[in-house]
Amino acid sequence: MRSPSYPVMSVRGLRSLVVLALAAGLATAAPAAQAQPGKGDATPASSATAAAKPYMGWSSWSMQSSKYPGLNPNGDYSYLTEANVLKQTDALAAKLKKYGYDYINIDAGWWRDYAWTPEFDEYGRQKADPVRFPSGMKSVADRIHSKGLKAGIYLPVGLEKEAYGGGKVPIWNAEGCTTADIVYDDLRTTNGWDSAYKIDFSDPCAQKYIDSQARMFADWGYDFLKLDGVGPGSFKSGDNYNNVADVAAWQKAISATGRPIHLELSWSLDIGHADDWKRHSNGWRVDTDVECYCNTLVSWENSVDDRWDDTPAWTRHAGPGGWNDLDSLDVGNGEMDGLTKAERQSYATLWAIAKSPLYTGDDVTQLDSYGLSLLTNREVIAVNQGDTPPAQPVTPSDPQQVWAAKNHDGSYTVALFNLADRPASVSADWSTLGFTGKAAVRDLWNHENLGTHKNRITQALPAHGSRLFTVTPRGDALTWTGIEAESPANTLGGNASVADCPACSDGHKVGNLYTGSRLTINDVVVDRAGTYQIKVAYVSGDARSADVSANGGGATRHKFPSTGDWSTVNSVYVPVTLKAGSNTITFDSGSGYAPDIDRIDVPKSS
């Protein structure tokens with residue numbers, strides 16, 4: 001759910017309510033074969049190689065949480081069984097492994113029966129349900145490994161309430177420690193569902209408990225752990241929901257096992273703690289669940305489309321060692337997915353260029369030909385798995401968008417998106433990439449060279465459609481004229497004012513652009529009339545819109561993506577029609593709030 005987690009909801013903004021209900025039964029599982037702690041088969045790996053690129057694989061949550069007919073015949077979440085996991089393992093090994101997909105990740109419920117009642121071992125650790133996983137979790141990991149794949153498992157953050165046992169449950173390998181020692185005396189709750197007691201890491205027994213869980217997973221042979229309901233995030237904030245110490249404890253515990261276990265955090269993590277997530281984990285969910293909790297796995301409007309708004313602020317935080325996780329990629333099952341073909345391609349395109357982990361939640365045994373083609377396109381996979389940065393928007397977050405990333409060989413990865421509900425043309429102007437003239441264009445989805453295009457490429461796209469290109473410049477680098485927003489030559493209106501901004505190009509910006517306030521940049525000089533792509537550097541802790549106009553003419557309203565906080569500068573390119581000679585460009589907040597403006601840069605030729 002909120003990240004694959006516990007039973008979940010169906011209304012995007014209220015999904016946590018369902019999760020709360022299911023969380024109530026989250027912590028006690030039925031007996032299952034479990035290995036006792038020991039050295040296990042740990043294979044140490046250099047931390048420098050951990051998450052060197054986004055991981056690829058399959059997760060159980062999408063199908064076990066869906067209302068699609070037949071998926072959960074024994075009640076909600078009943079899809080999650082050893083038999084189904086192994087069927088998906090066999091199918092992934094046969095169909096997707098050769099393309100790089102190698103993780104089989106078991107999500108919430110492996111320690112719960114069909115009534116969602118959990119069970120724990122004598123040390124307060126989750127214990128596999130014997131009906132769902134009759135062979136036990138180690139046996140399942142062994143079967144996954146036998147196919148040359150990696151095994152993943154799941155836990156909610158904190159000490160689950162049902163594991164507390166009146167505070168008398170001993171902690172494994174920690175003489176004298178019990179569950180009463182590892183939580184706060186007032187039994188304050190934590191995680192996205194308040195299903196667990198918050199762990200007090202001021203007591204050394206607390207780390208011992210996390211060590212015991214990590215040791216158990218290592219002994220079972222797991223290679224991946226999803227830690228869910230982590231805060232700040234998961235729709236929760238405040239001291240009770242600050243789980244940074246938990247994440248740090250898990251990193252320490254995993255390291256002590258000697259086994260390279262990938263640690264993934266979920267869900268909707270607080271970007272204000274991005275440095276903590278990067279320091280202690282290998283990936284973090286940046287958004288809510290992609291699943292619709294309806295009669296399909298996902299739907300376009302339920303939250304797939306949210307990613308275009310929510311991803312840009314996180315882009316700068318992704319890189320080797322830790323990646324922005326956009327959630328499951330459910331594009332392979334046609335009707336079961338609940339998307340048009342155009343939507344499935346756009347979904348896959350954004351995940352690829354954002355360098356999100358590529359893990360599908362589809363039924364791999366039932367991939368249709370189109371879905372298989374999306375999941376196995378080697379050129380698109382190479383964009384995701386290569387050593388270039390994630391793409392980011394070069395145009396505002398309007399219905400027609402262009403995202404791009406510069407590759408090490410001087411080419412660009414360029415994606416065009418039409419997020420409108422009707423067909424529209426979308427253009428990528430070469431000036432937004434920093435050059436003018438000609439460029440060679442290759443279509444990555446269709447494996448086709450499109451020849452040379454001068455100054456731009458324009459494509460007619462269906463509703464929610466996309467294209468993905470490699471653009472190789474053959475022209476000349478552009479030169480620019482920069483104008484600071486705070487220049488005394490400019491005109492401020494309404495509440496607009498100059499403020500300090502250490503991250504801005506000249507140490508200042510123009511802010512307080514709200515309810516009719518405006519910034520007019522004067523003396524914007526160009527040699528000839530035309531439409532120019534103006535680079536706007538701005539600061540905005542959330543997505544904000546502004547009306548942009550030239551020379552007092554009609555304005556176009558553009559939405560500027562969040563830069564993640566109020567101390568980070570980003571930029572997008574806005575088209576403005578200018579006359580030869582001197583011009584004015586105005587940014588007006590209208591009736592709302594506009595971003596703070598750092599500066600604009602104007603190309604010297606259109």
# chains A, B, ... in the order shown; residues from 1 in each chain; ligands from 1

call {"tool": "select_by_dssp", "arguments": {"residues": "range 357-504 of chain A", "states": "alpha helix (DSSP H)", "output": "CSV table (one decimal) with N, CA and C atoms, in the first residue's frame"}}
result
chain,number,residue,atom,x,y,z
A,369,SER,N,1.8,-9.1,-25.6
A,369,SER,CA,2.9,-8.8,-26.5
A,369,SER,C,3.3,-7.3,-26.4
A,370,TYR,N,2.4,-6.4,-26.2
A,370,TYR,CA,2.7,-5.0,-26.1
A,370,TYR,C,3.4,-4.8,-24.8
A,371,GLY,N,2.9,-5.3,-23.7
A,371,GLY,CA,3.5,-5.1,-22.4
A,371,GLY,C,4.9,-5.7,-22.4
A,372,LEU,N,5.1,-6.9,-23.0
A,372,LEU,CA,6.4,-7.5,-23.0
A,372,LEU,C,7.4,-6.6,-23.8
A,373,SER,N,6.9,-6.0,-24.9
A,373,SER,CA,7.8,-5.1,-25.7
A,373,SER,C,8.2,-3.8,-24.9
A,374,LEU,N,7.3,-3.3,-24.0
A,374,LEU,CA,7.7,-2.2,-23.2
A,374,LEU,C,8.7,-2.6,-22.1
A,375,LEU,N,8.5,-3.7,-21.5
A,375,LEU,CA,9.4,-4.1,-20.4
A,375,LEU,C,10.8,-4.6,-20.9
A,378,ARG,N,15.5,-2.9,-25.1
A,378,ARG,CA,16.9,-2.7,-24.6
A,378,ARG,C,17.4,-1.3,-24.6
A,379,GLU,N,16.9,-0.5,-25.6
A,379,GLU,CA,17.4,0.9,-25.7
A,379,GLU,C,16.8,1.7,-24.6
A,380,VAL,N,15.6,1.5,-24.2
A,380,VAL,CA,14.9,2.2,-23.1
A,380,VAL,C,15.5,1.8,-21.8
A,381,ILE,N,15.7,0.5,-21.6
A,381,ILE,CA,16.4,0.0,-20.4
A,381,ILE,C,17.8,0.6,-20.2
A,382,ALA,N,18.5,0.7,-21.3
A,382,ALA,CA,19.8,1.3,-21.3
A,382,ALA,C,19.8,2.8,-20.7
A,383,VAL,N,18.7,3.5,-21.1
A,383,VAL,CA,18.6,4.9,-20.5
A,383,VAL,C,18.5,4.8,-19.0
A,384,ASN,N,17.7,3.8,-18.5
A,384,ASN,CA,17.5,3.7,-17.1
A,384,ASN,C,18.7,3.2,-16.4
A,385,GLN,N,19.4,2.3,-17.0
A,385,GLN,CA,20.5,1.6,-16.3
A,385,GLN,C,21.9,2.2,-16.6

call {"tool": "select_by_dssp", "arguments": {"residues": "range 462-555 of chain A", "states": "strand (DSSP E or B)", "output": "ChimeraX atom specification"}}
result
/A:465-473,476-477,480-484,491-493,497-500,508-511,514,518-526,530-539,544-550

call {"tool": "closest_residue", "arguments": {"among": "A:Arg442, A:His317, A:Arg344, A:His145", "to": "Pro389 in chain A", "atoms": "only C-alpha atoms"}}
result
A:His317

call {"tool": "atom_distance", "arguments": {"atom1": "CA of Tyr209 in chain A", "atom2": "CA of Gly166 in chain A"}}
result
16.0 Å

call {"tool": "closest_residue", "arguments": {"among": "A:Met56, A:Ile261, A:Ala256, A:Ala115", "to": "Lys355 in chain A", "atoms": "only C-alpha atoms"}}
result
A:Met56

call {"tool": "closest_residue", "arguments": {"among": "A:Cys205, A:Ala93, A:Ile483, A:Leu329", "to": "Thr584 in chain A", "atoms": "only C-alpha atoms"}}
result
A:Ile483

call {"tool": "residues_around", "arguments": {"residues": "Phe560 in chain A", "least_positions_apart": "3", "cutoff": "9 Å", "atoms": "only C-alpha atoms", "output": "VMD selection string"}}
result
chain A and resid 395 to 398 538 540 542 to 546 563 571 to 572 594 to 595

call {"tool": "write_last_selection", "arguments": {"atoms": "C-alpha atoms", "output": "PDB file, in the first residue's frame"}}
result
ATOM      1  CA  THR A 395       9.617  23.039 -19.819  1.00  0.00           C
ATOM      2  CA  PRO A 396       7.020  23.914 -17.145  1.00  0.00           C
ATOM      3  CA  SER A 397       4.626  21.315 -15.732  1.00  0.00           C
ATOM      4  CA  ASP A 398       1.974  22.139 -18.308  1.00  0.00           C
ATOM      5  CA  TYR A 538      13.469  30.125  -9.834  1.00  0.00           C
ATOM      6  CA  SER A 540       9.807  27.169  -5.096  1.00  0.00           C
ATOM      7  CA  ASP A 542       6.018  23.612  -3.924  1.00  0.00           C
ATOM      8  CA  ALA A 543       4.632  23.712  -7.453  1.00  0.00           C
ATOM      9  CA  ARG A 544       3.433  27.232  -8.257  1.00  0.00           C
ATOM     10  CA  SER A 545       2.044  28.994 -11.303  1.00  0.00           C
ATOM     11  CA  ALA A 546       2.691  32.359 -12.921  1.00  0.00           C
ATOM     12  CA  THR A 563      12.493  22.724  -6.570  1.00  0.00           C
ATOM     13  CA  SER A 571      15.172  26.306 -14.142  1.00  0.00           C
ATOM     14  CA  VAL A 572      12.745  25.675 -16.992  1.00  0.00           C
ATOM     15  CA  ALA A 594       4.043  32.329  -7.964  1.00  0.00           C
ATOM     16  CA  PRO A 595       7.584  31.001  -7.524  1.00  0.00           C
TER      17      PRO A 595
END

call {"tool": "residues_around", "arguments": {"residues": "range 580-583 of chain A", "least_positions_apart": "2", "cutoff": "9 Å", "atoms": "only C-alpha atoms", "output": "list of chain:residue names"}}
result
A:Ile521, A:Asn522, A:Asp523, A:Val524, A:Val525, A:Val526, A:Asp527, A:Arg528, A:Ala529, A:Gly530, A:Ala550, A:Asn551, A:Leu578, A:Ile585

call {"tool": "atom_distance", "arguments": {"atom1": "CA of Val131 in chain A", "atom2": "CA of Arg215 in chain A"}}
result
24.1 Å

call {"tool": "residues_around", "arguments": {"residues": "range 306-311 of chain A", "least_positions_apart": "4", "cutoff": "8 Å", "atoms": "only C-alpha atoms", "output": "ChimeraX atom specification"}}
result
/A:286-287,301,315,326,350,354,397,543,561-562

call {"tool": "decode", "arguments": {"residues": "range 438-588 of chain A", "atoms": "C-alpha atoms", "output": "short mmCIF file (atom, residue, chain, number, x, y, z; two decimals), in the first residue's frame"}}
result
data_model
loop_
_atom_site.label_atom_id
_atom_site.label_comp_id
_atom_site.auth_asym_id
_atom_site.auth_seq_id
_atom_site.Cartn_x
_atom_site.Cartn_y
_atom_site.Cartn_z
CA LYS A 438 20.63 20.62 -36.65
CA ALA A 439 20.53 17.42 -34.65
CA ALA A 440 20.21 13.74 -35.44
CA VAL A 441 17.21 12.07 -33.77
CA ARG A 442 16.70 8.40 -32.87
CA ASP A 443 13.36 7.01 -31.69
CA LEU A 444 14.17 4.61 -28.85
CA TRP A 445 10.82 2.87 -28.51
CA ASN A 446 10.66 2.10 -32.23
CA HIS A 447 14.41 1.54 -32.78
CA GLU A 448 14.32 3.98 -35.69
CA ASN A 449 16.60 6.77 -36.88
CA LEU A 450 14.44 9.78 -37.75
CA GLY A 451 17.12 11.68 -39.63
CA THR A 452 18.23 15.26 -39.04
CA HIS A 453 15.90 17.89 -37.57
CA LYS A 454 16.62 21.61 -37.56
CA ASN A 455 16.04 23.62 -34.38
CA ARG A 456 13.36 21.32 -32.96
CA ILE A 457 11.29 18.19 -33.30
CA THR A 458 7.51 18.28 -33.13
CA GLN A 459 5.29 15.25 -32.66
CA ALA A 460 1.52 14.80 -32.66
CA LEU A 461 0.74 12.74 -29.57
CA PRO A 462 -2.45 11.03 -28.43
CA ALA A 463 -4.01 11.79 -25.07
CA HIS A 464 -1.49 10.82 -22.35
CA GLY A 465 0.99 9.90 -25.08
CA SER A 466 4.78 10.18 -25.29
CA ARG A 467 7.87 9.75 -27.43
CA LEU A 468 11.44 9.03 -26.35
CA PHE A 469 14.48 10.10 -28.36
CA THR A 470 18.22 10.35 -28.36
CA VAL A 471 19.14 13.74 -29.81
CA THR A 472 22.71 14.22 -31.07
CA PRO A 473 23.62 17.88 -31.74
CA ARG A 474 25.08 18.82 -35.11
CA GLY A 475 24.68 22.57 -34.62
CA ASP A 476 26.26 25.29 -32.52
CA ALA A 477 26.17 26.10 -28.82
CA LEU A 478 23.91 29.01 -27.95
CA THR A 479 25.06 32.17 -26.25
CA TRP A 480 22.85 33.84 -23.69
CA THR A 481 22.19 37.20 -22.10
CA GLY A 482 21.45 36.93 -18.38
CA ILE A 483 19.29 39.41 -16.45
CA GLU A 484 18.95 39.26 -12.68
CA ALA A 485 15.40 39.49 -11.34
CA GLU A 486 16.52 41.90 -8.60
CA SER A 487 18.15 44.33 -11.04
CA PRO A 488 17.16 47.93 -10.15
CA ALA A 489 16.22 48.37 -13.81
CA ASN A 490 13.26 46.04 -13.34
CA THR A 491 9.80 46.92 -12.02
CA LEU A 492 8.18 45.32 -8.98
CA GLY A 493 4.44 45.47 -8.37
CA GLY A 494 2.18 44.63 -5.46
CA ASN A 495 3.95 42.76 -2.67
CA ALA A 496 6.94 41.73 -4.81
CA SER A 497 10.25 42.39 -3.08
CA VAL A 498 13.95 41.55 -3.27
CA ALA A 499 15.23 38.94 -0.82
CA ASP A 500 18.55 37.30 -0.02
CA CYS A 501 19.15 33.96 -1.69
CA PRO A 502 22.55 32.31 -1.15
CA ALA A 503 21.85 29.70 -3.84
CA CYS A 504 20.83 32.27 -6.44
CA SER A 505 23.19 33.47 -9.13
CA ASP A 506 23.86 36.89 -7.63
CA GLY A 507 22.83 36.15 -4.05
CA HIS A 508 19.32 37.60 -4.42
CA LYS A 509 15.88 36.85 -5.85
CA VAL A 510 12.47 38.46 -6.19
CA GLY A 511 9.86 36.90 -3.92
CA ASN A 512 6.48 37.62 -2.35
CA LEU A 513 4.84 37.15 -5.73
CA TYR A 514 1.28 36.49 -4.60
CA THR A 515 -2.26 37.79 -5.10
CA GLY A 516 -1.60 40.11 -8.01
CA SER A 517 2.06 40.83 -7.37
CA ARG A 518 4.37 40.88 -10.37
CA LEU A 519 7.91 41.23 -11.60
CA THR A 520 8.55 43.00 -14.91
CA ILE A 521 11.99 42.52 -16.40
CA ASN A 522 12.82 45.52 -18.55
CA ASP A 523 15.22 46.04 -21.44
CA VAL A 524 15.19 42.48 -22.78
CA VAL A 525 16.96 43.09 -26.08
CA VAL A 526 16.97 40.72 -29.08
CA ASP A 527 18.20 41.29 -32.62
CA ARG A 528 15.14 40.00 -34.44
CA ALA A 529 11.51 39.22 -33.80
CA GLY A 530 10.52 35.68 -32.97
CA THR A 531 9.51 33.20 -30.29
CA TYR A 532 12.33 32.69 -27.82
CA GLN A 533 12.75 29.98 -25.20
CA ILE A 534 13.55 32.03 -22.10
CA LYS A 535 15.40 30.19 -19.34
CA VAL A 536 13.79 31.04 -16.00
CA ALA A 537 15.77 30.26 -12.84
CA TYR A 538 13.47 30.13 -9.83
CA VAL A 539 13.00 28.85 -6.28
CA SER A 540 9.81 27.17 -5.10
CA GLY A 541 9.22 24.75 -2.24
CA ASP A 542 6.02 23.61 -3.92
CA ALA A 543 4.63 23.71 -7.45
CA ARG A 544 3.43 27.23 -8.26
CA SER A 545 2.04 28.99 -11.30
CA ALA A 546 2.69 32.36 -12.92
CA ASP A 547 1.24 34.30 -15.84
CA VAL A 548 4.06 35.09 -18.25
CA SER A 549 3.68 37.82 -20.87
CA ALA A 550 5.77 40.09 -23.09
CA ASN A 551 5.31 43.77 -23.81
CA GLY A 552 1.96 43.96 -22.03
CA GLY A 553 0.39 41.37 -24.34
CA GLY A 554 -1.68 38.33 -23.51
CA ALA A 555 -0.28 36.10 -20.78
CA THR A 556 0.18 32.34 -20.70
CA ARG A 557 -0.09 30.62 -17.34
CA HIS A 558 2.64 28.10 -16.59
CA LYS A 559 3.09 25.78 -13.60
CA PHE A 560 6.65 25.65 -12.30
CA PRO A 561 7.67 22.33 -10.70
CA SER A 562 8.74 22.35 -7.07
CA THR A 563 12.49 22.72 -6.57
CA GLY A 564 12.15 20.66 -3.38
CA ASP A 565 12.70 23.45 -0.84
CA TRP A 566 13.12 27.20 -0.56
CA SER A 567 16.90 27.14 -0.83
CA THR A 568 17.31 25.26 -4.12
CA VAL A 569 17.31 26.87 -7.57
CA ASN A 570 16.06 25.11 -10.68
CA SER A 571 15.17 26.31 -14.14
CA VAL A 572 12.75 25.68 -16.99
CA TYR A 573 12.31 27.24 -20.42
CA VAL A 574 9.25 29.32 -21.23
CA PRO A 575 8.35 30.38 -24.80
CA VAL A 576 7.91 34.15 -25.19
CA THR A 577 7.28 36.06 -28.42
CA LEU A 578 9.54 39.11 -28.62
CA LYS A 579 9.95 41.98 -31.08
CA ALA A 580 13.29 43.16 -32.44
CA GLY A 581 14.89 45.59 -30.02
CA SER A 582 13.90 46.20 -26.40
CA ASN A 583 11.14 44.17 -24.68
CA THR A 584 9.58 43.62 -21.28
CA ILE A 585 8.75 40.22 -19.77
CA THR A 586 6.32 40.06 -16.85
CA PHE A 587 5.75 37.33 -14.27
CA ASP A 588 2.39 37.86 -12.57
#
